[in-house]
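Text of start18.csv (CSV, C-alpha atoms) as supplied:
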chain,number,residue,atom,x,y,z
A,149,MET,CA,70.3,104.4,103.1
A,150,ALA,CA,67.0,103.6,104.7
A,151,ILE,CA,66.3,100.0,105.6
A,152,ARG,CA,62.6,99.4,106.1
A,153,GLY,CA,61.6,97.6,109.3
A,154,LEU,CA,64.8,98.3,111.3
A,155,THR,CA,65.2,100.4,114.3
A,156,TRP,CA,67.3,103.5,113.8
A,157,GLU,CA,70.2,101.9,115.7
A,158,ASN,CA,70.2,98.8,113.6
A,159,ASP,CA,69.9,100.9,110.5
A,160,MET,CA,73.1,102.8,111.4
A,161,THR,CA,74.9,99.7,112.4
A,162,ILE,CA,74.3,98.0,109.1
A,163,ASP,CA,75.3,101.1,107.2
A,164,ILE,CA,78.6,101.2,109.1
A,165,ALA,CA,79.2,97.5,108.3
A,166,LEU,CA,78.5,98.0,104.6
A,167,GLU,CA,80.8,101.0,104.5
A,168,ALA,CA,83.6,98.9,106.1
A,169,ALA,CA,83.0,96.0,103.7
A,170,ARG,CA,83.6,98.1,100.6
A,171,TRP,CA,87.1,98.9,101.8
A,172,ALA,CA,88.2,95.3,101.7
A,173,PRO,CA,91.2,94.6,99.5
A,174,SER,CA,90.6,92.7,96.2
A,175,VAL,CA,92.7,91.5,93.3
A,176,HIS,CA,93.5,94.5,91.1
A,177,ASN,CA,90.9,96.4,93.2
A,178,THR,CA,88.2,94.7,91.2
A,179,GLN,CA,85.8,94.8,94.2
A,180,PRO,CA,84.0,91.6,93.1
A,181,TRP,CA,81.1,91.7,95.5
A,182,THR,CA,77.6,93.0,96.1
A,183,PHE,CA,75.6,93.2,99.3
A,184,ALA,CA,71.9,92.8,100.0
A,185,VAL,CA,70.1,93.6,103.3
A,186,THR,CA,67.1,91.8,104.5
A,187,GLY,CA,66.0,92.8,108.0
A,188,GLN,CA,69.0,92.4,110.2
A,189,GLU,CA,71.0,90.3,107.8
A,190,ILE,CA,73.6,91.2,105.2
A,191,ALA,CA,74.1,88.9,102.3
A,192,VAL,CA,77.5,88.9,100.6
A,193,ARG,CA,77.4,87.9,96.9
A,194,ALA,CA,80.1,87.3,94.3
A,195,SER,CA,79.9,89.8,91.4
A,196,THR,CA,80.9,87.2,88.8
A,197,ASP,CA,81.1,89.8,86.0
A,198,ARG,CA,84.2,91.1,87.8
A,199,LYS,CA,85.9,87.8,87.9
A,200,LEU,CA,89.2,87.7,86.0
A,201,ALA,CA,88.5,85.3,83.2
A,202,LEU,CA,92.1,84.5,82.3
A,203,GLU,CA,93.9,85.2,85.6
A,204,ASP,CA,91.3,83.6,87.9
A,205,PRO,CA,89.1,81.3,85.9
A,206,GLY,CA,88.1,79.2,88.9
A,207,GLY,CA,87.2,82.2,91.0
A,208,ARG,CA,89.8,81.5,93.8
A,209,GLU,CA,91.1,85.0,93.9
A,210,MET,CA,87.6,86.4,93.7
A,211,LEU,CA,86.5,84.4,96.8
A,212,ILE,CA,89.6,85.4,98.7
A,213,SER,CA,88.7,89.0,98.0
A,214,CYS,CA,85.1,88.4,99.2
A,215,GLY,CA,86.4,86.7,102.3
A,216,ALA,CA,88.2,89.9,103.2
A,217,ALA,CA,85.0,91.8,102.8
A,218,VAL,CA,83.3,89.3,105.2
A,219,PHE,CA,86.0,89.9,107.7
A,220,ASN,CA,85.4,93.7,107.5
A,221,LEU,CA,81.7,93.2,108.0
A,222,ARG,CA,82.4,91.0,111.1
A,223,THR,CA,84.9,93.5,112.5
A,224,ALA,CA,82.7,96.6,111.9
A,225,LEU,CA,79.6,94.9,113.5
A,226,HIS,CA,81.6,93.9,116.5
A,227,GLN,CA,83.0,97.4,116.9
A,228,ALA,CA,79.5,98.8,116.6
A,229,GLY,CA,78.5,96.6,119.6
A,230,ARG,CA,76.8,93.7,117.9
A,231,GLU,CA,77.9,90.1,117.7
A,232,PRO,CA,78.2,89.1,114.0
A,233,ILE,CA,76.6,85.7,113.2
A,234,VAL,CA,78.2,84.4,110.1
A,235,ARG,CA,77.1,81.6,107.8
A,236,ILE,CA,79.5,80.7,105.0
A,237,LEU,CA,78.0,79.3,101.7
A,238,PRO,CA,74.5,79.0,103.3
A,239,ASP,CA,72.6,77.8,100.1
A,240,PRO,CA,74.2,75.3,97.8
A,241,ASP,CA,71.6,76.2,95.2
A,242,ARG,CA,72.8,79.8,95.1
A,243,PRO,CA,76.6,79.6,94.4
A,244,SER,CA,77.0,83.3,94.2
A,245,LEU,CA,75.7,83.7,97.8
A,246,LEU,CA,79.0,83.5,99.7
A,247,ALA,CA,77.9,84.4,103.2
A,248,THR,CA,75.3,85.9,105.4
A,249,VAL,CA,76.1,88.1,108.4
A,250,ARG,CA,73.4,88.7,110.9
A,251,LEU,CA,73.3,91.1,113.8
A,252,GLY,CA,73.5,89.1,117.0
A,253,GLU,CA,73.4,90.0,120.7
A,254,ALA,CA,74.9,93.2,122.0
A,255,VAL,CA,78.6,92.9,122.8
A,256,GLU,CA,81.3,95.2,124.1
A,257,PRO,CA,84.1,95.6,121.6
A,258,ASP,CA,87.5,94.8,122.9
A,259,GLU,CA,90.7,96.7,122.3
A,260,HIS,CA,91.9,94.4,119.6
A,261,THR,CA,88.7,94.8,117.6
A,262,SER,CA,88.9,98.5,117.9
A,263,MET,CA,92.4,98.5,116.7
A,264,LEU,CA,91.5,96.5,113.6
A,265,ALA,CA,88.4,98.5,112.9
A,266,GLY,CA,90.4,101.7,112.9
A,267,GLN,CA,92.5,100.4,110.1
A,268,ILE,CA,89.8,99.4,107.7
A,269,GLU,CA,89.8,102.6,105.7
A,270,VAL,CA,93.5,103.3,106.3
A,271,ARG,CA,95.1,100.1,105.0
A,272,ARG,CA,96.7,100.2,101.6
A,273,THR,CA,98.3,97.7,99.3
A,274,HIS,CA,102.0,98.4,98.5
A,275,ARG,CA,103.5,97.6,95.1
A,276,ALA,CA,107.2,98.3,95.4
A,277,GLY,CA,110.1,97.7,97.8
A,278,PHE,CA,110.2,98.4,101.5
A,279,THR,CA,112.6,100.4,103.7
A,280,GLU,CA,115.4,98.7,105.6
A,281,THR,CA,113.4,99.1,108.8
A,282,PRO,CA,112.9,95.6,110.1
A,283,VAL,CA,109.5,94.1,111.0
A,284,PRO,CA,109.6,93.0,114.7
A,285,GLU,CA,109.5,89.3,115.2
A,286,ARG,CA,106.7,89.7,117.7
A,287,LEU,CA,104.5,91.1,115.0
A,288,VAL,CA,105.2,88.2,112.7
A,289,ALA,CA,104.3,85.8,115.5
A,290,GLN,CA,101.0,87.6,116.1
A,291,TRP,CA,100.2,87.4,112.4
A,292,GLN,CA,100.6,83.7,112.6
A,293,ARG,CA,98.2,83.5,115.5
A,294,GLU,CA,95.6,85.7,113.8
A,295,ALA,CA,95.6,83.7,110.6
A,296,ALA,CA,95.2,80.5,112.6
A,297,THR,CA,92.1,81.8,114.3
A,298,GLU,CA,90.5,82.1,110.8
A,299,GLY,CA,91.5,78.6,109.7
A,300,ALA,CA,94.6,79.4,107.7
A,301,THR,CA,98.3,79.2,108.2
A,302,PHE,CA,100.6,82.2,107.9
A,303,THR,CA,104.2,81.0,107.4
A,304,PRO,CA,107.1,83.5,107.2
A,305,VAL,CA,109.8,82.3,104.8
A,306,GLY,CA,113.2,82.9,106.5
A,307,ALA,CA,115.7,80.7,104.6
A,308,PRO,CA,117.4,82.8,102.0
A,309,ALA,CA,117.4,79.9,99.5
A,310,ALA,CA,113.6,79.5,99.9
A,311,VAL,CA,113.1,83.3,99.4
A,312,ARG,CA,115.2,83.1,96.2
A,313,ALA,CA,113.2,80.2,95.0
A,314,LEU,CA,109.9,82.0,95.5
A,315,ALA,CA,111.3,85.1,93.8
A,316,ALA,CA,112.4,82.9,90.9
A,317,LEU,CA,109.0,81.3,90.6
A,318,THR,CA,107.3,84.7,90.7
A,319,GLU,CA,109.7,86.0,88.0
A,320,ALA,CA,109.0,82.9,85.8
A,321,ALA,CA,105.2,83.3,86.1
A,322,GLN,CA,105.4,87.1,85.5
A,323,ALA,CA,107.6,86.5,82.4
A,324,VAL,CA,105.1,83.9,81.0
A,325,GLN,CA,102.1,86.1,81.7
A,326,SER,CA,103.7,89.2,80.2
A,327,GLN,CA,104.1,87.3,76.9
A,328,ASP,CA,100.4,86.5,76.8
A,329,TRP,CA,98.8,89.6,75.2
A,330,PRO,CA,95.1,88.8,76.2
A,331,PHE,CA,96.4,88.2,79.8
A,332,THR,CA,98.3,91.5,79.7
A,333,LEU,CA,95.1,93.3,78.5
A,334,GLU,CA,93.1,91.9,81.3
A,335,VAL,CA,95.6,93.3,83.9
A,336,MET,CA,95.8,96.7,82.0
A,337,ARG,CA,92.0,96.9,82.2
A,338,TRP,CA,92.3,97.5,85.9
A,339,ALA,CA,95.1,100.1,85.7
A,340,ARG,CA,93.5,103.5,86.3
A,341,PRO,CA,95.0,106.4,84.2
A,342,PRO,CA,96.0,109.5,86.1
A,343,GLU,CA,93.1,111.8,86.9
A,344,SER,CA,90.7,108.9,86.4
A,345,THR,CA,87.4,109.2,88.3
A,346,ARG,CA,86.7,105.4,88.3
A,347,GLY,CA,85.9,103.9,91.6
A,348,ASP,CA,87.8,100.7,91.0
A,349,GLY,CA,91.1,99.5,89.6
A,350,VAL,CA,94.6,100.4,90.7
A,351,PRO,CA,95.4,104.1,90.9
A,352,ALA,CA,98.3,105.5,89.0
A,353,ASP,CA,100.0,106.6,92.2
A,354,ALA,CA,99.8,103.1,93.7
A,355,TYR,CA,102.3,101.3,91.4
A,356,PRO,CA,105.8,102.2,90.1
A,357,LYS,CA,106.6,103.2,86.5
A,358,GLN,CA,109.4,100.8,86.4
A,359,PRO,CA,108.7,97.6,88.5
A,360,ALA,CA,111.9,96.5,90.3
A,361,GLY,CA,113.1,94.4,93.1
A,362,GLU,CA,113.7,90.8,93.9
A,363,PHE,CA,110.1,89.9,93.5
A,364,ALA,CA,108.5,90.6,90.1
A,365,GLN,CA,105.7,93.2,90.1
A,366,ARG,CA,102.7,93.5,87.8
A,367,ASP,CA,103.4,95.9,85.0
A,368,TYR,CA,100.3,98.1,85.4
A,369,ALA,CA,102.1,100.8,83.4
A,370,HIS,CA,102.7,98.6,80.4
A,371,GLN,CA,103.3,100.8,77.3
A,372,HIS,CA,102.3,103.9,79.3
A,373,SER,CA,104.1,106.5,81.3
A,374,TRP,CA,101.7,106.0,84.2
A,375,GLY,CA,102.9,105.2,87.7
A,376,ILE,CA,105.2,106.8,90.2
A,377,ASP,CA,109.0,107.2,90.4
A,378,THR,CA,110.2,105.2,93.4
A,379,ASP,CA,113.4,106.0,95.3
A,380,GLN,CA,115.2,102.7,95.1
A,381,ARG,CA,117.7,103.9,97.7
A,382,MET,CA,114.9,104.3,100.2
A,383,SER,CA,112.7,101.4,99.1
A,384,CYS,CA,115.0,98.5,98.2
A,385,ALA,CA,114.3,95.9,100.9
A,386,THR,CA,112.3,92.8,100.3
A,387,GLY,CA,110.6,92.7,103.7
A,388,VAL,CA,109.2,89.6,105.3
A,389,VAL,CA,108.2,87.0,102.7
A,390,ALA,CA,105.3,84.9,103.8
A,391,LEU,CA,102.9,82.3,102.4
A,392,LEU,CA,99.3,82.0,103.5
A,393,THR,CA,98.0,78.4,103.1
A,394,THR,CA,95.0,76.2,103.9
A,395,ARG,CA,94.6,72.5,104.3
A,396,GLU,CA,91.9,72.3,101.7
A,397,ASP,CA,91.4,74.0,98.4
A,398,THR,CA,87.6,74.4,98.5
A,399,ARG,CA,85.4,77.5,98.2
A,400,GLU,CA,85.1,77.5,102.0
A,401,ALA,CA,88.9,77.5,102.3
A,402,TRP,CA,89.2,80.4,99.9
A,403,LEU,CA,86.8,82.4,101.9
A,404,ALA,CA,88.6,81.5,105.1
A,405,ALA,CA,91.9,82.5,103.5
A,406,GLY,CA,90.4,85.9,102.7
A,407,GLN,CA,89.3,86.5,106.2
A,408,ALA,CA,92.7,85.4,107.5
A,409,LEU,CA,94.5,87.7,105.1
A,410,GLN,CA,92.4,90.7,106.1
A,411,HIS,CA,92.9,89.9,109.8
A,412,VAL,CA,96.7,90.0,109.2
A,413,LEU,CA,96.6,93.1,107.0
A,414,LEU,CA,94.6,95.2,109.4
A,415,HIS,CA,96.9,94.2,112.3
A,416,ALA,CA,100.0,95.0,110.2
A,417,SER,CA,98.6,98.4,109.2
A,418,ALA,CA,98.0,99.3,112.8
A,419,HIS,CA,101.7,98.8,113.4
A,420,GLY,CA,102.9,100.7,110.4
A,421,ALA,CA,103.4,97.8,108.1
A,422,SER,CA,102.1,97.3,104.5
A,423,ALA,CA,101.8,94.2,102.3
A,424,ALA,CA,102.7,93.6,98.7
A,425,PHE,CA,101.1,90.6,96.9
A,426,HIS,CA,102.7,88.3,94.3
A,427,THR,CA,100.0,86.0,93.1
A,428,GLN,CA,101.5,85.3,89.6
A,429,VAL,CA,102.9,82.0,90.6
A,430,LEU,CA,99.6,80.9,92.1
A,431,GLU,CA,97.8,81.7,88.9
A,432,GLU,CA,99.8,79.1,87.0
A,433,PRO,CA,98.5,75.7,87.9
A,434,HIS,CA,101.7,73.7,87.4
A,435,LEU,CA,103.8,76.2,89.4
A,436,ARG,CA,101.2,76.4,92.1
A,437,ASP,CA,101.2,72.6,92.4
A,438,PHE,CA,105.0,72.6,92.5
A,439,LEU,CA,105.0,75.2,95.3
A,440,ARG,CA,102.4,73.2,97.2
A,441,GLN,CA,104.4,70.0,97.0
A,442,ARG,CA,107.9,71.3,97.5
A,443,MET,CA,107.5,74.3,99.8
A,444,CYS,CA,104.1,74.1,101.5
A,445,ALA,CA,104.3,70.5,102.8
A,446,GLY,CA,101.1,69.6,100.8
A,447,ALA,CA,99.1,72.6,102.0
A,448,TYR,CA,97.4,74.8,99.4
A,449,PRO,CA,99.1,78.2,98.9
A,450,GLN,CA,96.5,80.9,98.7
A,451,MET,CA,98.7,84.0,98.9
A,452,LEU,CA,102.3,84.9,98.5
A,453,MET,CA,103.2,88.3,100.0
A,454,ARG,CA,105.9,90.5,101.4
A,455,LEU,CA,105.3,92.7,104.4
A,456,GLY,CA,107.4,95.6,105.5
A,457,ILE,CA,107.6,99.4,106.2
A,458,ALA,CA,106.9,101.5,103.2
A,459,ALA,CA,108.3,105.0,102.5
A,460,ASP,CA,105.4,106.2,100.5
A,461,GLU,CA,101.6,106.1,100.6
A,462,SER,CA,98.9,105.9,98.0
A,463,HIS,CA,95.3,106.9,98.1
A,464,GLY,CA,92.5,104.3,97.9
A,465,VAL,CA,89.5,104.3,95.7
A,466,ARG,CA,86.2,102.4,96.1
A,467,ARG,CA,82.9,102.3,94.3
A,468,PRO,CA,80.0,104.0,96.1
A,469,LEU,CA,77.7,101.8,98.2
A,470,THR,CA,74.9,102.5,95.7
A,471,ASP,CA,76.8,100.5,93.2
A,472,LEU,CA,77.4,97.6,95.6
A,473,THR,CA,74.0,97.1,97.2
A,474,ASP,CA,71.2,95.1,95.7
A,475,PRO,CA,67.6,96.1,96.3
Before anything else, please render the file you have as structure tokens.
Amino acid sequence: MAIRGLTWENDMTIDIALEAARWAPSVHNTQPWTFAVTGQEIAVRASTDRKLALEDPGGREMLISCGAAVFNLRTALHQAGREPIVRILPDPDRPSLLATVRLGEAVEPDEHTSMLAGQIEVRRTHRAGFTETPVPERLVAQWQREAATEGATFTPVGAPAAVRALAALTEAAQAVQSQDWPFTLEVMRWARPPESTRGDGVPADAYPKQPAGEFAQRDYAHQHSWGIDTDQRMSCATGVVALLTTREDTREAWLAAGQALQHVLLHASAHGASAAFHTQVLEEPHLRDFLRQRMCAGAYPQMLMRLGIAADESHGVRRPLTDLTDP
């Protein structure tokens, strides 16, 4: 894409950053963002027509997704040799404008940035069980530090009773949602049929035909034969169960949670680990509040996830940049 008024180097740097941003994870791969370039600044905007009206009426999951895109922009710019200058929610009169990222001074990317940048197009969401290969404790400790640098708290849940409680809450939320036909239809809208050419949604090779395991999975294959057959003998482990929390529950906090999440996910991917998300309980206000009061010491839970070593891989799909960039 040609950006008028930029040098060739800045033009290439911005293109690289935009390409990275579109590979951010998002709820059901809805990709609820658009980008606009003005001079040396990239604006990140919420694409509210992609907000999940029933699952995410307040836009919390949408902003977490957009926060992950902001982190990819930051990482790609740094890797390209420019300091990213980020402003979060820069204009109160424009609520859809979530952030601006400007090209700053020239910098030398460090080894950690290069490692993260190398995973942006490689990282995939997992939607089944993990192998029995354990996740090293040093990696979990590093994820805690990385989330903290973004203003969030990553807490591994080690107590078996606490893991069972989280699994039970997830199961309860999934059971309630599965009985709500409009809610089910909203999820099914983002399940891509086999051979689909759509650039969004969850591919049929990225979820199991028969959801199983200790933690309830979304039933993307509801009333269809879509999905993949998973070998439960090879993929039966729960993995590391973790909560991502913030001290506040504001739009700023949701964007911070998205940046923290992506920081953790890219580092995990670089070390062969994947993440599975279980947000059902966080979408039920009463259950989310119970979780906050009884298991998060008053902090606001923004993500419930499992991390581990997966036996299979799926391909990723994204919309083209021409669909994501505003004139």
I'd like to know which of A:Leu245, A:Met453, A:Ala295, A:Ala424 is closest to Gln410 in chain A, using all atoms listed in the file. A:Ala295
What's the 12 Å shell around Val388 in chain A, counting all atoms listed in the file, without same-chain residues fewer than 2 positions away, as a ChimeraX atom specification? /A:277-285,287-289,291,302-308,311,363,385-386,390-391,416,421-425,452-457
Write out as a PyMOL selection string the residues lying within 12 Å of Leu439 in chain A, counting only C-alpha atoms and excluding same-chain residues fewer than 6 positions away. chain A and resi 310+313-318+391+393+429-433+445-452
To one decimal in Å, tell me the separation between CA of Gly349 in chain A and CA of Val249 in chain A.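 Answer for the CA of Gly349 in chain A to CA of Val249 in chain A separation: 26.6 Å.
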Nearest to Arg466 in chain A among A:Thr345, A:Thr186, A:Ser213, A:Thr261, with distances taken over all atoms listed in the file: which residue is it? A:Thr345
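The interatomic distance for the pair CA of Arg337 in chain A and CA of Trp171 in chain A works out to 20.3 Å.
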So that I can see what lies close to Arg271 in chain A, please list as a PyMOL selection string the residues with an atom at most 8 Å from it, counting all atoms listed in the file and leaving out residues fewer than 6 positions away in the same chain. chain A and resi 413-414+417+422
Using all atoms listed in the file, which residues sit within 7 Å of range 199-202 of chain A once same-chain residues fewer than 6 positions away are excluded, as a short mmCIF file (atom, residue, chain, number, x, y, z; two decimals) with C-alpha atoms, in the frame of the given file?
data_model
loop_
_atom_site.label_atom_id
_atom_site.label_comp_id
_atom_site.auth_asym_id
_atom_site.auth_seq_id
_atom_site.Cartn_x
_atom_site.Cartn_y
_atom_site.Cartn_z
CA PRO A 180 84.00 91.60 93.10
CA MET A 210 87.60 86.40 93.70
CA PHE A 331 96.40 88.20 79.80
#
Can you work out the spacing between CA of Met160 in chain A and CA of Ala228 in chain A in Å, to one decimal?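 These two atoms are separated by 9.2 Å.
Those residues that approach range 176-178 of chain A to within 7 Å, counting only C-alpha atoms, are Pro173, Arg198, Trp338, Asp348, Gly349 and Val350 of chain A; same-chain residues fewer than 3 positions away are not listed.
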Just write the chosen residues, C-alpha atoms, as a CSV table (one decimal), keeping the file's coordinate frame.
chain,number,residue,atom,x,y,z
A,173,PRO,CA,91.2,94.6,99.5
A,198,ARG,CA,84.2,91.1,87.8
A,338,TRP,CA,92.3,97.5,85.9
A,348,ASP,CA,87.8,100.7,91.0
A,349,GLY,CA,91.1,99.5,89.6
A,350,VAL,CA,94.6,100.4,90.7
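With distances taken over all atoms listed in the file, A:Asp474 is the one residue among A:Asp328, A:Glu343, A:Asp474, A:Glu256 lying closest to Phe183 in chain A.
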Residue with smallest distance to Cys384 in chain A - pool A:Arg275, A:Asp353, A:Arg440, A:Leu333, counting all atoms listed in the file: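 Ranked by minimum distance to Cys384 in chain A, first place goes to A:Arg275.
Nearest residue to Ala194 in chain A, choosing from A:Arg293, A:Arg395, A:Arg230, A:Arg208 and counting all atoms listed in the file: A:Arg208.
Using all atoms listed in the file, the smallest distance between any of A:Leu403, A:Ala418, A:Ala224, A:Ala459 and Leu251 in chain A comes from A:Ala224.
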